[in-house]
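Below is one structure; the comments refer to it alone.
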Amino acid sequence: MAFKLALAGIGKIARDQHIPAVTASPDWELAATVSRHATVDGIQSYEDVAAMLAARPDIEVVSLCMPPVPRFDYARAALQAGRHVMLEKPPGATLSECQALEAMARKAGVSIYATWHSREAAMVATAKAWLAGKRLESLVVTWKEDVRKWHPGQAWIWQAGGLGVFDPGINALSIVTEILPDPIHLTASDLFIPENCETPIAATLAFAHPQGAHVSAEFDFRKEGDQFWNIAIETSEGSLVLSEGGAKLAIDGVPHDAAPGGDALKGEYPRLYARMADLVRAGEIDMDLSPMAHVADAFLLGRRITVAPFVE
Ligand code: NAP
């Protein structure tokens, strides 16, 4: 039987990914939306989460797609009403509020899932399996995209808690923390902040690795032309490049594409919703905050460098 789902925060990612993934899956029935301005044709809509929770006790799961800062209040309301909760990335605005949500879910005996969609990209699992047991020499993340193309009109990204270039950069960190067998920790970061913004437009990060491998990341929102979402890895037994955000992979320069028609073609969001259905059935919680911890560390340790104002 399908789980009844309410989707809250009907904007770009809800329309691009969540609604198609939910409506295509036999696990789910899109039973309601919660959004202050938007509605979805044929689906009962609410402007207020408390009103939805009161009116629809049949809805078991609430999936939250709004930006991170307002998300906590929605998640708390849903958990306190005994509903399972699925969180877009990043799972919240601070680590402490995410830990508080996990504690609420445990107390209520419901599932909570901090999703990391990039971990579900087609070739991430293959990269993880290849890397296991090899000695890492270096890992370099290059995540450079044009903010005007990918985030048009998203003023929240430039406000405190909106993460700036770490909004896409945290996707790279979610892959790194998934595929690396050993934990890393941040040792330095430079944050390039436009003089009219509260969040960085670019950042460089350096990490310590337990075996001394070079691990670094470069994020830039100012990239026009070719866009890069790459992770280049050197080991003592060869090299691996994940590109296009984890959708493509090459080992020693040879492309290894997902098998046609195979599981890899199902896509990131269908996998996230399949995992959420599994968590609810099993009564489990998946709240890995490690990508967000690295971002928090970058803000803690980061050297602020003021750069030219950003004008969309
Ligand atoms: P968005 O379109 O700017 O916002 C989504 C919706 O959230 C808005 O349409 C708005 O709906 C609601 N919202 C905005 N501010 C709010 C507030 N203060 N209180 C309550 N609701 C508010 O953003 P998005 O691109 O979908 O991104 C949302 C989340 O998804 C972010 O965490 C982002 O990192 C993640 N994400 C985005 C993408 C992408 O390609 N865009 C990809 C993966 C993940 P109403 O005004 O109708 O309430």
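Residues are named by chain letter and number: chains run A, B, ... in the order of the structure tokens, numbers start at 1 in each chain, and ligands are numbered from 1 in the order shown.
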
So which residues touch A:Phe299 within 12 Å, counting only C-alpha atoms, skipping near sequence neighbours fewer than 6 positions away, as a PDB file with all heavy atoms, in the first residue's frame?
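Dumped everything to result-v5.pdb:
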```pdb
ATOM      1  N   THR A  94      21.370  24.740  11.082  1.00  0.00           N
ATOM      2  CA  THR A  94      22.488  24.519  12.008  1.00  0.00           C
ATOM      3  C   THR A  94      22.555  23.039  12.375  1.00  0.00           C
ATOM      4  O   THR A  94      21.556  22.315  12.289  1.00  0.00           O
ATOM      5  CB  THR A  94      22.327  25.319  13.326  1.00  0.00           C
ATOM      6  OG1 THR A  94      21.252  24.757  14.085  1.00  0.00           O
ATOM      7  CG2 THR A  94      22.071  26.802  13.086  1.00  0.00           C
ATOM      8  N   ALA A 160      22.105  34.920   5.372  1.00  0.00           N
ATOM      9  CA  ALA A 160      22.686  34.038   6.395  1.00  0.00           C
ATOM     10  C   ALA A 160      21.874  32.752   6.484  1.00  0.00           C
ATOM     11  O   ALA A 160      20.641  32.789   6.539  1.00  0.00           O
ATOM     12  CB  ALA A 160      22.708  34.757   7.736  1.00  0.00           C
ATOM     13  N   GLY A 161      22.571  31.625   6.488  1.00  0.00           N
ATOM     14  CA  GLY A 161      21.892  30.333   6.530  1.00  0.00           C
ATOM     15  C   GLY A 161      21.596  29.772   5.158  1.00  0.00           C
ATOM     16  O   GLY A 161      21.267  28.584   5.031  1.00  0.00           O
ATOM     17  N   LEU A 163      23.816  29.534   2.738  1.00  0.00           N
ATOM     18  CA  LEU A 163      25.047  28.803   2.381  1.00  0.00           C
ATOM     19  C   LEU A 163      25.803  29.322   1.173  1.00  0.00           C
ATOM     20  O   LEU A 163      26.942  28.917   0.956  1.00  0.00           O
ATOM     21  CB  LEU A 163      24.786  27.300   2.168  1.00  0.00           C
ATOM     22  CG  LEU A 163      24.362  26.471   3.372  1.00  0.00           C
ATOM     23  CD1 LEU A 163      24.455  24.983   3.017  1.00  0.00           C
ATOM     24  CD2 LEU A 163      25.184  26.770   4.599  1.00  0.00           C
ATOM     25  N   GLY A 164      25.222  30.217   0.351  1.00  0.00           N
ATOM     26  CA  GLY A 164      25.957  30.693  -0.822  1.00  0.00           C
ATOM     27  C   GLY A 164      26.447  29.518  -1.653  1.00  0.00           C
ATOM     28  O   GLY A 164      25.698  28.572  -1.930  1.00  0.00           O
ATOM     29  N   PHE A 166      28.169  27.107  -0.910  1.00  0.00           N
ATOM     30  CA  PHE A 166      28.112  25.807  -0.231  1.00  0.00           C
ATOM     31  C   PHE A 166      26.768  25.112  -0.473  1.00  0.00           C
ATOM     32  O   PHE A 166      26.634  23.934  -0.135  1.00  0.00           O
ATOM     33  CB  PHE A 166      28.359  25.966   1.273  1.00  0.00           C
ATOM     34  CG  PHE A 166      29.794  26.233   1.613  1.00  0.00           C
ATOM     35  CD1 PHE A 166      30.271  27.531   1.686  1.00  0.00           C
ATOM     36  CD2 PHE A 166      30.680  25.193   1.847  1.00  0.00           C
ATOM     37  CE1 PHE A 166      31.596  27.796   1.990  1.00  0.00           C
ATOM     38  CE2 PHE A 166      32.005  25.439   2.156  1.00  0.00           C
ATOM     39  CZ  PHE A 166      32.472  26.742   2.224  1.00  0.00           C
ATOM     40  N   LEU A 186      38.529  19.374   8.283  1.00  0.00           N
ATOM     41  CA  LEU A 186      38.950  20.622   7.650  1.00  0.00           C
ATOM     42  C   LEU A 186      40.116  21.256   8.403  1.00  0.00           C
ATOM     43  O   LEU A 186      40.130  21.271   9.635  1.00  0.00           O
ATOM     44  CB  LEU A 186      37.765  21.595   7.624  1.00  0.00           C
ATOM     45  CG  LEU A 186      38.020  22.830   6.775  1.00  0.00           C
ATOM     46  CD1 LEU A 186      37.240  22.755   5.480  1.00  0.00           C
ATOM     47  CD2 LEU A 186      37.694  24.100   7.521  1.00  0.00           C
ATOM     48  N   THR A 187      41.109  21.772   7.644  1.00  0.00           N
ATOM     49  CA  THR A 187      42.234  22.457   8.292  1.00  0.00           C
ATOM     50  C   THR A 187      42.301  23.933   7.922  1.00  0.00           C
ATOM     51  O   THR A 187      42.924  24.721   8.642  1.00  0.00           O
ATOM     52  CB  THR A 187      43.572  21.801   7.909  1.00  0.00           C
ATOM     53  OG1 THR A 187      43.654  21.723   6.478  1.00  0.00           O
ATOM     54  CG2 THR A 187      43.685  20.402   8.497  1.00  0.00           C
ATOM     55  N   ALA A 188      41.700  24.316   6.783  1.00  0.00           N
ATOM     56  CA  ALA A 188      41.736  25.726   6.379  1.00  0.00           C
ATOM     57  C   ALA A 188      40.660  25.974   5.342  1.00  0.00           C
ATOM     58  O   ALA A 188      40.290  25.063   4.589  1.00  0.00           O
ATOM     59  CB  ALA A 188      43.103  26.075   5.777  1.00  0.00           C
ATOM     60  N   SER A 189      40.148  27.203   5.329  1.00  0.00           N
ATOM     61  CA  SER A 189      39.259  27.577   4.227  1.00  0.00           C
ATOM     62  C   SER A 189      39.326  29.082   4.004  1.00  0.00           C
ATOM     63  O   SER A 189      39.574  29.852   4.940  1.00  0.00           O
ATOM     64  CB  SER A 189      37.813  27.132   4.485  1.00  0.00           C
ATOM     65  OG  SER A 189      37.229  27.911   5.485  1.00  0.00           O
ATOM     66  N   ASP A 190      39.157  29.469   2.746  1.00  0.00           N
ATOM     67  CA  ASP A 190      39.009  30.873   2.368  1.00  0.00           C
ATOM     68  C   ASP A 190      37.601  31.047   1.845  1.00  0.00           C
ATOM     69  O   ASP A 190      37.144  30.256   0.999  1.00  0.00           O
ATOM     70  CB  ASP A 190      40.008  31.243   1.258  1.00  0.00           C
ATOM     71  CG  ASP A 190      41.414  31.473   1.814  1.00  0.00           C
ATOM     72  OD1 ASP A 190      41.555  31.618   3.049  1.00  0.00           O
ATOM     73  OD2 ASP A 190      42.357  31.512   1.008  1.00  0.00           O
ATOM     74  N   LEU A 191      36.905  32.059   2.349  1.00  0.00           N
ATOM     75  CA  LEU A 191      35.521  32.310   1.952  1.00  0.00           C
ATOM     76  C   LEU A 191      35.469  33.665   1.246  1.00  0.00           C
ATOM     77  O   LEU A 191      35.825  34.687   1.842  1.00  0.00           O
ATOM     78  CB  LEU A 191      34.606  32.346   3.186  1.00  0.00           C
ATOM     79  CG  LEU A 191      34.696  31.142   4.136  1.00  0.00           C
ATOM     80  CD1 LEU A 191      33.832  31.385   5.374  1.00  0.00           C
ATOM     81  CD2 LEU A 191      34.274  29.863   3.425  1.00  0.00           C
ATOM     82  N   PHE A 192      35.061  33.675  -0.014  1.00  0.00           N
ATOM     83  CA  PHE A 192      35.019  34.903  -0.810  1.00  0.00           C
ATOM     84  C   PHE A 192      33.575  35.404  -0.803  1.00  0.00           C
ATOM     85  O   PHE A 192      32.684  34.765  -1.373  1.00  0.00           O
ATOM     86  CB  PHE A 192      35.521  34.622  -2.222  1.00  0.00           C
ATOM     87  CG  PHE A 192      36.946  34.116  -2.229  1.00  0.00           C
ATOM     88  CD1 PHE A 192      37.216  32.752  -2.133  1.00  0.00           C
ATOM     89  CD2 PHE A 192      38.015  35.009  -2.277  1.00  0.00           C
ATOM     90  CE1 PHE A 192      38.528  32.282  -2.101  1.00  0.00           C
ATOM     91  CE2 PHE A 192      39.330  34.544  -2.242  1.00  0.00           C
ATOM     92  CZ  PHE A 192      39.585  33.173  -2.156  1.00  0.00           C
ATOM     93  N   ILE A 193      33.358  36.524  -0.106  1.00  0.00           N
ATOM     94  CA  ILE A 193      31.991  36.987   0.161  1.00  0.00           C
ATOM     95  C   ILE A 193      31.756  38.325  -0.539  1.00  0.00           C
ATOM     96  O   ILE A 193      32.446  39.308  -0.239  1.00  0.00           O
ATOM     97  CB  ILE A 193      31.747  37.115   1.676  1.00  0.00           C
ATOM     98  CG1 ILE A 193      32.057  35.771   2.357  1.00  0.00           C
ATOM     99  CG2 ILE A 193      30.313  37.573   1.964  1.00  0.00           C
ATOM    100  CD1 ILE A 193      31.905  35.751   3.856  1.00  0.00           C
ATOM    101  N   GLU A 198      25.626  37.986   2.412  1.00  0.00           N
ATOM    102  CA  GLU A 198      25.976  37.423   3.716  1.00  0.00           C
ATOM    103  C   GLU A 198      26.644  36.047   3.598  1.00  0.00           C
ATOM    104  O   GLU A 198      27.068  35.481   4.605  1.00  0.00           O
ATOM    105  CB  GLU A 198      24.710  37.312   4.586  1.00  0.00           C
ATOM    106  CG  GLU A 198      24.129  38.664   4.933  1.00  0.00           C
ATOM    107  CD  GLU A 198      22.749  38.620   5.555  1.00  0.00           C
ATOM    108  OE1 GLU A 198      22.138  37.536   5.649  1.00  0.00           O
ATOM    109  OE2 GLU A 198      22.257  39.710   5.940  1.00  0.00           O
ATOM    110  N   THR A 199      26.683  35.506   2.392  1.00  0.00           N
ATOM    111  CA  THR A 199      27.230  34.149   2.200  1.00  0.00           C
ATOM    112  C   THR A 199      28.252  34.163   1.058  1.00  0.00           C
ATOM    113  O   THR A 199      28.225  35.049   0.206  1.00  0.00           O
ATOM    114  CB  THR A 199      26.092  33.156   1.872  1.00  0.00           C
ATOM    115  OG1 THR A 199      25.427  33.611   0.691  1.00  0.00           O
ATOM    116  CG2 THR A 199      25.103  33.041   3.026  1.00  0.00           C
ATOM    117  N   PRO A 200      29.150  33.156   1.031  1.00  0.00           N
ATOM    118  CA  PRO A 200      30.233  33.182   0.046  1.00  0.00           C
ATOM    119  C   PRO A 200      29.787  32.867  -1.381  1.00  0.00           C
ATOM    120  O   PRO A 200      28.910  32.022  -1.595  1.00  0.00           O
ATOM    121  CB  PRO A 200      31.187  32.071   0.525  1.00  0.00           C
ATOM    122  CG  PRO A 200      30.672  31.582   1.817  1.00  0.00           C
ATOM    123  CD  PRO A 200      29.267  32.028   1.976  1.00  0.00           C
ATOM    124  N   ALA A 203      34.744  29.518  -2.540  1.00  0.00           N
ATOM    125  CA  ALA A 203      35.448  29.055  -1.339  1.00  0.00           C
ATOM    126  C   ALA A 203      36.513  28.047  -1.735  1.00  0.00           C
ATOM    127  O   ALA A 203      36.354  27.319  -2.723  1.00  0.00           O
ATOM    128  CB  ALA A 203      34.474  28.402  -0.354  1.00  0.00           C
ATOM    129  N   THR A 204      37.603  28.023  -0.962  1.00  0.00           N
ATOM    130  CA  THR A 204      38.586  26.938  -1.084  1.00  0.00           C
ATOM    131  C   THR A 204      38.691  26.262   0.275  1.00  0.00           C
ATOM    132  O   THR A 204      38.608  26.914   1.317  1.00  0.00           O
ATOM    133  CB  THR A 204      39.966  27.445  -1.523  1.00  0.00           C
ATOM    134  OG1 THR A 204      40.422  28.384  -0.551  1.00  0.00           O
ATOM    135  CG2 THR A 204      39.926  28.109  -2.874  1.00  0.00           C
ATOM    136  N   LEU A 205      38.859  24.959   0.246  1.00  0.00           N
ATOM    137  CA  LEU A 205      38.899  24.174   1.485  1.00  0.00           C
ATOM    138  C   LEU A 205      40.089  23.224   1.431  1.00  0.00           C
ATOM    139  O   LEU A 205      40.371  22.659   0.369  1.00  0.00           O
ATOM    140  CB  LEU A 205      37.625  23.330   1.642  1.00  0.00           C
ATOM    141  CG  LEU A 205      36.308  24.007   2.022  1.00  0.00           C
ATOM    142  CD1 LEU A 205      35.776  24.861   0.882  1.00  0.00           C
ATOM    143  CD2 LEU A 205      35.254  22.960   2.368  1.00  0.00           C
ATOM    144  N   MET A 292      27.434  18.397   6.379  1.00  0.00           N
ATOM    145  CA  MET A 292      27.130  19.696   6.979  1.00  0.00           C
ATOM    146  C   MET A 292      28.178  20.090   8.024  1.00  0.00           C
ATOM    147  O   MET A 292      28.473  21.281   8.203  1.00  0.00           O
ATOM    148  CB  MET A 292      25.748  19.596   7.621  1.00  0.00           C
ATOM    149  CG  MET A 292      25.127  20.922   7.888  1.00  0.00           C
ATOM    150  SD  MET A 292      23.418  20.638   8.298  1.00  0.00           S
ATOM    151  CE  MET A 292      23.128  22.106   9.245  1.00  0.00           C
ATOM    152  N   ALA A 293      28.756  19.090   8.703  1.00  0.00           N
ATOM    153  CA  ALA A 293      29.800  19.391   9.689  1.00  0.00           C
ATOM    154  C   ALA A 293      31.004  20.036   9.003  1.00  0.00           C
ATOM    155  O   ALA A 293      31.607  20.980   9.531  1.00  0.00           O
ATOM    156  CB  ALA A 293      30.220  18.112  10.416  1.00  0.00           C
TER     157      ALA A 293
END
```

Inset, instruction - If you run DSSP over the backbone, which residues in stretch 185-256 of chain A end up strand (DSSP E)? Put them as an MDAnalysis selection string. - result: chainID A and resid 185:194 202:208 214:220 228:235 238:243 248:251 254:255

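Neighbours of ligand 1 at a cut-off of 7 Å, computed so that only C-alpha atoms and all ligand atoms are counted, are the residues Gly9, Ile10, Gly11, Lys12, Ile13, Ala14, Ser35, Arg36, His37, Ala38, Cys65, Met66, Pro67, Pro68, Pro70, Glu88, Lys89, Pro90, His117, Trp150, His151, Gln154 and Asp167 of chain A.
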
Inset, instruction - Could you give me, as a ChimeraX atom specification, the residues within 9 Å of A:Val62, counting only C-alpha atoms and dropping anything in the same chain fewer than 5 positions from it? - result: /A:4-8,75,78-79,83-87

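Taking only C-alpha atoms into account, A:Ile175 lies nearest to A:Ile231 out of the set A:Val22, A:Ile231, A:Ala32, A:Ala108.
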
Inset, instruction - Excluding A:Asp220 and residues on its chain fewer than 4 positions from it, collect all residues at most 8 Å away from it, counting only C-alpha atoms, and give them as a VMD selection string. - result: chain A and resid 143 to 145 165 201 to 203

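With only C-alpha atoms taken into account, the protein and nucleic acid residues at most 9 Å from A:Asp257 (excluding it and anything under 5 positions from it in its own chain) are Ala122, Met123, Ala247, Lys248, Leu249 and Ala250 of chain A.
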
Dump as a compact mmCIF listing (two decimals), in the first residue's frame, selection limited to N, CA, C and O atoms:
```txt
# COMPACT_ATOMS: atom_id res chain seq x y z
N ALA A 122 24.49 8.36 -10.33
CA ALA A 122 24.62 7.01 -10.91
C ALA A 122 25.91 6.28 -10.56
O ALA A 122 25.90 5.08 -10.33
N MET A 123 27.06 7.02 -10.50
CA MET A 123 28.34 6.30 -10.38
C MET A 123 28.98 6.41 -9.00
O MET A 123 30.13 5.98 -8.82
N ALA A 247 27.48 11.59 -11.97
CA ALA A 247 26.75 10.83 -13.00
C ALA A 247 27.70 10.05 -13.90
O ALA A 247 27.31 9.05 -14.50
N LYS A 248 28.97 10.52 -14.02
CA LYS A 248 29.93 9.86 -14.90
C LYS A 248 31.19 9.51 -14.13
O LYS A 248 31.56 10.22 -13.19
N LEU A 249 31.86 8.46 -14.61
CA LEU A 249 33.07 8.01 -13.91
C LEU A 249 34.08 7.50 -14.93
O LEU A 249 33.72 6.84 -15.91
N ALA A 250 35.36 7.82 -14.68
CA ALA A 250 36.44 7.24 -15.48
C ALA A 250 37.50 6.69 -14.54
O ALA A 250 37.82 7.32 -13.52
```

Inset, instruction - Do a neighbour search on stretch 209-211 of chain A at 9 Å with only C-alpha atoms, toss out local chain neighbours closer than 3 positions, and write the hits as a PyMOL selection string. - result: chain A and resi 135-137+182-185+214-215

Inset, instruction - Fewer than 4 positions away in the same chain doesn't count, so skip those; otherwise give me all residues within 9 Å of A:Ala308, counting only C-alpha atoms, as JSON, numbers by chain. - result: {"A": [193, 194, 195, 196]}

With C-alpha atoms retained, could you export that selection as a compact mmCIF listing (two decimals), in the first residue's frame?
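Resulting contents of selection-v3.txt:
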```
# COMPACT_ATOMS: atom_id res chain seq x y z
CA ILE A 193 31.99 36.99 0.16
CA PRO A 194 30.49 39.68 -2.11
CA GLU A 195 30.31 42.96 -0.23
CA ASN A 196 26.50 43.05 -0.60
```

Inset, instruction - Check stretch 91-295 of chain A with DSSP on the backbone and list each residue it calls alpha helix (DSSP H), as a VMD selection string. - result: chain A and resid 95 to 108 124 to 131 147 to 150 166 to 179 268 to 282 290 to 295

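When only C-alpha atoms are used to compute distances to A:Asp226, the closest of the residues A:Asp146, A:Glu284, A:Asp41, A:Glu120 turns out to be A:Asp146.
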
Inset, instruction - Identify which of the residues A:Val311, A:Lys149, A:Cys197, A:Val140 lies closest to A:Ala232, counting only C-alpha atoms when measuring atom-to-atom distances. - result: A:Val140

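Of the residues listed (A:Ala217, A:Ile179, A:Met1, A:Val295), A:Val295 shows the shortest atom-to-atom separation from A:Gly162; distances use only C-alpha atoms.
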
Inset, instruction - For atom CA of A:Pro26 and atom CA of A:Leu289, quote the distance in Å rounded to one decimal. - result: 29.1 Å

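Proximity to A:Ala206 was assessed for A:Trp229, A:Trp116, A:Tyr269, A:Phe219 counting only C-alpha atoms; the smallest distance is recorded for A:Phe219.
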